[in-house]
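Engineer: What follows is a single structure, and I will ask about it in a moment.
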Amino acid sequence: MAEIINHPRRFFLGSAAAGIAAAEMAFMGGAQAQGSAVSVPAFAANVKALAPIKQIQAGELDIGYYEAGPIDGPPVLLLHGFPYDIHSYADVAPLLAAKGCRVIVPHLRGYGTTRFLDSATPRTAQQSAVAADAIALMDALKIDRAVLAGYDWGARTACIVAALWPERCAGLVSVNGYLIQDIAHAGVPIPAKIESGLWYQYYFATERGRAGLTAHRRDFARVTWVRNSPTWKFDDATFERSAAAFDNPDYVEIVIHNYRFRLGLAPGIAKYEALERRLAALPVISVPAITLDGDSDGVAPVTDGKAQAAKFSGPRSHRVVPGVGHNLPQEAPKAFADAVFDLVSLRG
């Protein structure tokens with residue numbers, strides 16, 4: 001049976017201010033990483049923005065990222081999903097920083113202040129490219145190994161790093177478990193109830209979908225947040241804090257390519273062919289792992305984790321978080337942070 005983690009969101013929200021205050025000195029006196037800082041918009045007083053955002057050249061990108069905690073602490077890389085941004089970790093980051101972790105929260109390609117270095121670089125977002133970005137960022141920050149944690153695109157990216165570069169991954173936290181895409185079988189139908197939650201993937205396969213995302217990116221994101229997490233009561237300020245990340249000039253092309261590629265409807269580029277061949281074999285993950293499910297996820301139905309057991313050869317536990325949807329770290333930050341720190345603690 002999967003472990004049931006009961007961390008009521010009401011409890012966390014009541015103690016969030018204390019947690020953030022305890023970590024404030026870590027933020028102010030924490031890691032002085034490479035790269036310049038950029039300003040971020042101001043939001044309502046009760047909505048904390050992750051700031052400052054630093055920039056560093058890594059691979060084919062100039063990556064915008066938030067950093068907290070001591071520079072010599074155990075590194076943790078927190079990876080966001082679609083259509084969200086780094087603020088999914090607005091409450092997770094201070095919890096981990098307060099425990100002494102060096103926390104890195106990057107904007108993925110196409111989000112926030114992350115930019116391509118060369119205007120001629122194809123705006124591809126195939127799964128291997130996004131994972132290669134994570135490795136490039138670790139290289140640029142001189143991080144040899146880190147615990148990688150994420151949900152949605154971020155969980156997939158973390159799974160790929162754990163599978164292809166296990167020497168760089170000290171541990172894996174993945175919402176919805178093993179998410180490496182089986183593109184060869186992308187045309188095989190799944191139960192209608194699950195297909196309905198993936199409506200936007202098929203919408204983006206059309207030019208109408210591209211036009212719709214271009215014209216209504218904020219409306220699209222808001223609708224998706226509600227559908228993905230039907231029990232999550234976010235306010236306008238919380239939404240707008242993340243929606244600013246969708247103004248990135250590459251956002252639409254990155255999103256469209258990601259979903260078309262995973263359905264076998266768009267080609268990748270030669271640079272990533274070797275990695276995609278390795279991923280096509282659906283490699284087993286050998287690093288220590290904790291997988292999480294929210295039991296109110298509007299995209300991926302909750303499971304006991306047993307069906308994916310064969311994809312993990314290292315120590316792995318599966319946890320179910322009650323009353324939580326798809327954006328698990330933002331909806332249940334303590335449960336997510338606890339999973340990450342449990343793996344950090346394994347490093348000794």
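Numbering starts fresh at 1 for the residues of each chain in the structure tokens, the chains themselves are lettered A, B, ... in the order given, and ligands are numbered from 1 as they appear.
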DSSP on the backbone: which residues in region 45-282 of chain A end up as strand (DSSP E)? Give the answer as number ranges by chain.
Structural biologist: A: 53-58, 61-68, 75-79, 102-106, 115-116, 146-150, 169-175
Engineer: What are the nearest atom pairs, with distances in Å to one decimal, for all residues of region 80-153 of chain A that come at most 10 Å from region 269-288 of chain A, using only C-alpha atoms, set out by chain and rising residue number as CSV?
Structural biologist:
residue,atom,partner,partner_atom,distance
A:Pro122,CA,A:Ile269,CA,8.1
A:Arg123,CA,A:Ile269,CA,9.9
A:Thr124,CA,A:Ile269,CA,7.6
A:Ala125,CA,A:Ile269,CA,9.9
A:Gln126,CA,A:Tyr272,CA,8.5
A:Gln127,CA,A:Glu276,CA,8.0
A:Ser128,CA,A:Leu275,CA,6.2
A:Ala129,CA,A:Tyr272,CA,6.7
A:Ala131,CA,A:Leu275,CA,9.8
A:Ala132,CA,A:Tyr272,CA,8.9
A:Val147,CA,A:Pro288,CA,9.5
Engineer: Report, in Å with one decimal, the straight-line distance from CA of Ile256 (chain A) to CA of Ala134 (chain A).
Structural biologist: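 Computed distance, CA of Ile256 (chain A) to CA of Ala134 (chain A), equals 20.3 Å.
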Engineer: When you look at Phe336 (chain A) with a cut-off of 8 Å (counting only C-alpha atoms), what residues show up, excluding the ones that are within fewer than 6 positions of it in the same chain? I need them as a VMD selection string.
Structural biologist: chain A and resid 92 328 to 329
Engineer: What's the 10 Å shell around Pro230 (chain A), counting only C-alpha atoms, without same-chain residues fewer than 5 positions away, as a list in words?
Structural biologist: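 After dropping sequence-adjacent residues, the list is Thr224, Trp225, Ser296, Asp297, Gly298, Gly323, Val324, Gly325 and His326 of chain A.
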Engineer: Can you tell me how far CA of Ala98 (chain A) sits from CA of Gly73 (chain A), in Å to one decimal?
Structural biologist: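 These two atoms are separated by 10.6 Å.
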Engineer: Go through A:Phe341, A:Trp232, A:Tyr202, A:Phe220 and flag the residue nearest Val173 (chain A), using only C-alpha atoms for the distances.
Structural biologist: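 With only C-alpha atoms as the atom set, the closest residue is A:Phe341.
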Engineer: Counting only C-alpha atoms, what is within 6 Å of region 156-162 of chain A, bar same-chain residues fewer than 6 positions away, as a VMD selection string?
Structural biologist: chain A and resid 131 148 169 179 to 180
Engineer: Go ahead and save the residues from that selection, with C-alpha atoms, as an mmCIF file, in the first residue's frame.
Structural biologist:
data_model
loop_
_atom_site.group_PDB
_atom_site.id
_atom_site.type_symbol
_atom_site.label_atom_id
_atom_site.label_comp_id
_atom_site.auth_asym_id
_atom_site.auth_seq_id
_atom_site.Cartn_x
_atom_site.Cartn_y
_atom_site.Cartn_z
ATOM 1 C CA ALA A 131 16.677 17.559 -19.323
ATOM 2 C CA LEU A 148 16.108 16.721 -8.308
ATOM 3 C CA CYS A 169 21.322 12.796 -9.246
ATOM 4 C CA LEU A 179 7.091 10.126 -16.503
ATOM 5 C CA ILE A 180 9.593 9.446 -19.273
#
Engineer: Could you give me, as a list in words, each residue of region 270-337 of chain A that DSSP assigns to helix (DSSP H, G or I) when run on this structure's backbone?
Structural biologist: Ala270, Lys271, Tyr272, Glu273, Ala274, Leu275, Glu276, Arg277, Arg278, Leu279, Ala280, Lys306, Ala307, Gln308, Ala309, Ala310, Lys311, Leu328, Pro329, Gln330, Glu331, Pro333, Lys334, Ala335, Phe336 and Ala337 of chain A
Engineer: Just the selected residues (N, CA, C and O atoms), exported as a compact mmCIF listing (two decimals), in the first residue's frame, please.
Structural biologist:
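And here's again26.txt as it stands now:
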# COMPACT_ATOMS: atom_id res chain seq x y z
N ALA A 270 18.60 17.04 -34.52
CA ALA A 270 19.68 16.04 -34.54
C ALA A 270 20.49 16.06 -33.25
O ALA A 270 20.98 15.01 -32.80
N LYS A 271 20.66 17.22 -32.66
CA LYS A 271 21.48 17.36 -31.46
C LYS A 271 21.05 16.42 -30.34
O LYS A 271 21.87 15.97 -29.53
N TYR A 272 19.75 16.09 -30.31
CA TYR A 272 19.23 15.29 -29.20
C TYR A 272 18.84 13.87 -29.60
O TYR A 272 18.27 13.13 -28.80
N GLU A 273 19.18 13.47 -30.82
CA GLU A 273 18.75 12.15 -31.30
C GLU A 273 19.29 11.02 -30.44
O GLU A 273 18.58 10.06 -30.14
N ALA A 274 20.56 11.10 -30.06
CA ALA A 274 21.16 10.02 -29.28
C ALA A 274 20.46 9.89 -27.92
O ALA A 274 20.20 8.77 -27.45
N LEU A 275 20.15 11.02 -27.29
CA LEU A 275 19.45 10.97 -26.01
C LEU A 275 18.04 10.41 -26.18
O LEU A 275 17.57 9.61 -25.35
N GLU A 276 17.36 10.80 -27.25
CA GLU A 276 16.00 10.30 -27.46
C GLU A 276 16.00 8.79 -27.71
O GLU A 276 15.07 8.09 -27.29
N ARG A 277 17.03 8.27 -28.37
CA ARG A 277 17.11 6.82 -28.57
C ARG A 277 17.24 6.10 -27.24
O ARG A 277 16.63 5.05 -27.03
N ARG A 278 18.01 6.67 -26.34
CA ARG A 278 18.15 6.05 -25.02
C ARG A 278 16.84 6.12 -24.25
O ARG A 278 16.45 5.17 -23.56
N LEU A 279 16.13 7.23 -24.38
CA LEU A 279 14.86 7.37 -23.67
C LEU A 279 13.78 6.46 -24.25
O LEU A 279 12.87 6.05 -23.53
N ALA A 280 13.90 6.15 -25.52
CA ALA A 280 12.91 5.27 -26.16
C ALA A 280 12.89 3.89 -25.52
O ALA A 280 11.88 3.17 -25.58
N LYS A 306 2.20 0.83 -7.42
CA LYS A 306 2.71 -0.51 -7.69
C LYS A 306 2.94 -0.78 -9.18
O LYS A 306 3.86 -1.51 -9.55
N ALA A 307 2.12 -0.19 -10.04
CA ALA A 307 2.24 -0.46 -11.47
C ALA A 307 3.57 0.02 -12.04
O ALA A 307 4.01 -0.48 -13.08
N GLN A 308 4.21 0.97 -11.38
CA GLN A 308 5.47 1.52 -11.88
C GLN A 308 6.69 0.96 -11.15
O GLN A 308 7.82 1.38 -11.41
N ALA A 309 6.49 0.02 -10.28
CA ALA A 309 7.58 -0.46 -9.43
C ALA A 309 8.78 -0.95 -10.23
O ALA A 309 9.94 -0.74 -9.85
N ALA A 310 8.52 -1.57 -11.38
CA ALA A 310 9.62 -2.13 -12.17
C ALA A 310 10.51 -1.06 -12.79
O ALA A 310 11.62 -1.37 -13.24
N LYS A 311 10.05 0.17 -12.83
CA LYS A 311 10.84 1.26 -13.42
C LYS A 311 11.82 1.87 -12.43
O LYS A 311 12.56 2.79 -12.77
N LEU A 328 1.31 19.86 -6.92
CA LEU A 328 1.45 19.38 -5.55
C LEU A 328 2.37 20.24 -4.69
O LEU A 328 2.03 20.53 -3.53
N PRO A 329 3.53 20.71 -5.17
CA PRO A 329 4.39 21.49 -4.27
C PRO A 329 3.76 22.80 -3.81
O PRO A 329 4.04 23.25 -2.70
N GLN A 330 2.93 23.41 -4.63
CA GLN A 330 2.30 24.66 -4.23
C GLN A 330 1.07 24.42 -3.36
O GLN A 330 0.75 25.22 -2.48
N GLU A 331 0.41 23.30 -3.59
CA GLU A 331 -0.79 22.98 -2.81
C GLU A 331 -0.46 22.33 -1.47
O GLU A 331 -1.20 22.50 -0.50
N PRO A 333 3.01 22.23 0.25
CA PRO A 333 4.45 22.46 0.28
C PRO A 333 5.20 21.67 1.34
O PRO A 333 6.32 21.22 1.11
N LYS A 334 4.59 21.48 2.50
CA LYS A 334 5.30 20.74 3.53
C LYS A 334 5.48 19.27 3.14
O LYS A 334 6.56 18.70 3.35
N ALA A 335 4.46 18.66 2.57
CA ALA A 335 4.59 17.27 2.14
C ALA A 335 5.67 17.12 1.08
O ALA A 335 6.46 16.17 1.09
N PHE A 336 5.72 18.09 0.16
CA PHE A 336 6.74 18.03 -0.90
C PHE A 336 8.12 18.26 -0.32
O PHE A 336 9.07 17.52 -0.61
N ALA A 337 8.26 19.29 0.52
CA ALA A 337 9.57 19.59 1.11
C ALA A 337 10.06 18.43 1.98
O ALA A 337 11.25 18.11 1.99
Engineer: Please provide as an NGL selection string all residues within 8 Å of Pro74 (chain A), with the sequence filter that same-chain residues fewer than 3 positions apart are discarded (counting only C-alpha atoms).
Structural biologist: :A and (100-102 or 146 or 344)
Engineer: Can you tell me, as a ChimeraX atom specification, what residues are no more than 12 Å from region 243-246 of chain A when counting only C-alpha atoms, ignoring any on the same chain fewer than 2 positions away?
Structural biologist: /A:40-43,49,64-65,80-88,106-115,213-222,225,236-241,248-255
Engineer: Could you write those residues out with C-alpha atoms, as a PDB file, in the first residue's frame?
Structural biologist:
ATOM      1  CA  VAL A  40      10.788  41.043 -10.535  1.00  0.00           C
ATOM      2  CA  PRO A  41       7.357  42.679 -10.484  1.00  0.00           C
ATOM      3  CA  ALA A  42       5.785  43.609  -7.167  1.00  0.00           C
ATOM      4  CA  PHE A  43       2.699  41.688  -6.037  1.00  0.00           C
ATOM      5  CA  ALA A  49       7.712  36.567  -5.056  1.00  0.00           C
ATOM      6  CA  GLY A  64      16.779  32.744 -15.005  1.00  0.00           C
ATOM      7  CA  TYR A  65      16.746  31.078 -11.600  1.00  0.00           C
ATOM      8  CA  HIS A  80       8.270  23.431 -12.376  1.00  0.00           C
ATOM      9  CA  GLY A  81       5.594  22.284 -14.803  1.00  0.00           C
ATOM     10  CA  PHE A  82       3.141  23.662 -17.373  1.00  0.00           C
ATOM     11  CA  PRO A  83       1.337  26.033 -17.175  1.00  0.00           C
ATOM     12  CA  TYR A  84       3.062  27.115 -13.979  1.00  0.00           C
ATOM     13  CA  ASP A  85       6.385  28.665 -13.027  1.00  0.00           C
ATOM     14  CA  ILE A  86       8.990  28.815 -10.274  1.00  0.00           C
ATOM     15  CA  HIS A  87       6.418  30.085  -7.782  1.00  0.00           C
ATOM     16  CA  SER A  88       5.082  26.577  -7.398  1.00  0.00           C
ATOM     17  CA  PRO A 106      15.063  27.653 -12.583  1.00  0.00           C
ATOM     18  CA  HIS A 107      12.623  28.918 -15.161  1.00  0.00           C
ATOM     19  CA  LEU A 108      12.447  26.199 -17.824  1.00  0.00           C
ATOM     20  CA  ARG A 109      13.101  27.131 -21.447  1.00  0.00           C
ATOM     21  CA  GLY A 110      10.291  29.346 -22.684  1.00  0.00           C
ATOM     22  CA  TYR A 111       9.356  30.654 -19.228  1.00  0.00           C
ATOM     23  CA  GLY A 112      10.143  33.738 -17.206  1.00  0.00           C
ATOM     24  CA  THR A 113      13.515  35.359 -17.823  1.00  0.00           C
ATOM     25  CA  THR A 114      15.112  32.310 -19.462  1.00  0.00           C
ATOM     26  CA  ARG A 115      16.197  33.133 -23.018  1.00  0.00           C
ATOM     27  CA  LEU A 213      -2.530  29.849 -26.728  1.00  0.00           C
ATOM     28  CA  THR A 214      -1.011  32.912 -28.375  1.00  0.00           C
ATOM     29  CA  ALA A 215      -4.146  35.002 -27.890  1.00  0.00           C
ATOM     30  CA  HIS A 216      -5.311  33.686 -24.519  1.00  0.00           C
ATOM     31  CA  ARG A 217      -2.301  32.363 -22.635  1.00  0.00           C
ATOM     32  CA  ARG A 218      -3.478  33.686 -19.256  1.00  0.00           C
ATOM     33  CA  ASP A 219      -7.062  32.480 -19.693  1.00  0.00           C
ATOM     34  CA  PHE A 220      -5.783  29.103 -20.797  1.00  0.00           C
ATOM     35  CA  ALA A 221      -3.537  28.800 -17.756  1.00  0.00           C
ATOM     36  CA  ARG A 222      -6.300  29.775 -15.336  1.00  0.00           C
ATOM     37  CA  TRP A 225      -5.139  25.361 -13.007  1.00  0.00           C
ATOM     38  CA  ASP A 236      -5.843  36.354  -8.322  1.00  0.00           C
ATOM     39  CA  ALA A 237      -2.551  37.627  -6.922  1.00  0.00           C
ATOM     40  CA  THR A 238      -1.159  34.100  -6.713  1.00  0.00           C
ATOM     41  CA  PHE A 239      -2.168  33.438 -10.302  1.00  0.00           C
ATOM     42  CA  GLU A 240      -0.738  36.704 -11.645  1.00  0.00           C
ATOM     43  CA  ARG A 241       2.559  36.073  -9.884  1.00  0.00           C
ATOM     44  CA  ASN A 248       8.361  34.980 -22.435  1.00  0.00           C
ATOM     45  CA  PRO A 249       8.669  35.472 -26.232  1.00  0.00           C
ATOM     46  CA  ASP A 250       9.360  31.749 -26.764  1.00  0.00           C
ATOM     47  CA  TYR A 251       6.569  30.463 -24.529  1.00  0.00           C
ATOM     48  CA  VAL A 252       4.071  29.529 -27.232  1.00  0.00           C
ATOM     49  CA  GLU A 253       6.564  27.826 -29.533  1.00  0.00           C
ATOM     50  CA  ILE A 254       8.088  25.877 -26.649  1.00  0.00           C
ATOM     51  CA  VAL A 255       4.706  24.670 -25.391  1.00  0.00           C
TER      52      VAL A 255
END
Engineer: In Å to one decimal, how far is CA of Trp153 (chain A) from CA of Leu263 (chain A)?
Structural biologist: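 Interatomic distance, CA of Leu263 (chain A) to CA of Trp153 (chain A): 14.8 Å.
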Engineer: Ranking A:Lys233, A:Lys99, A:Lys193, A:Arg210 by minimum distance to Ser345 (chain A) and counting only C-alpha atoms, which one comes first?
Structural biologist: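 For Ser345 (chain A), the nearest of the given residues is A:Lys99.
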Engineer: Which residue gives the smallest distance to Tyr259 (chain A) among A:Gln201, A:Val226, A:Thr291, A:Gly305, with only C-alpha atoms counted?
Structural biologist: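 Distance minimum relative to Tyr259 (chain A) lands on A:Gln201.
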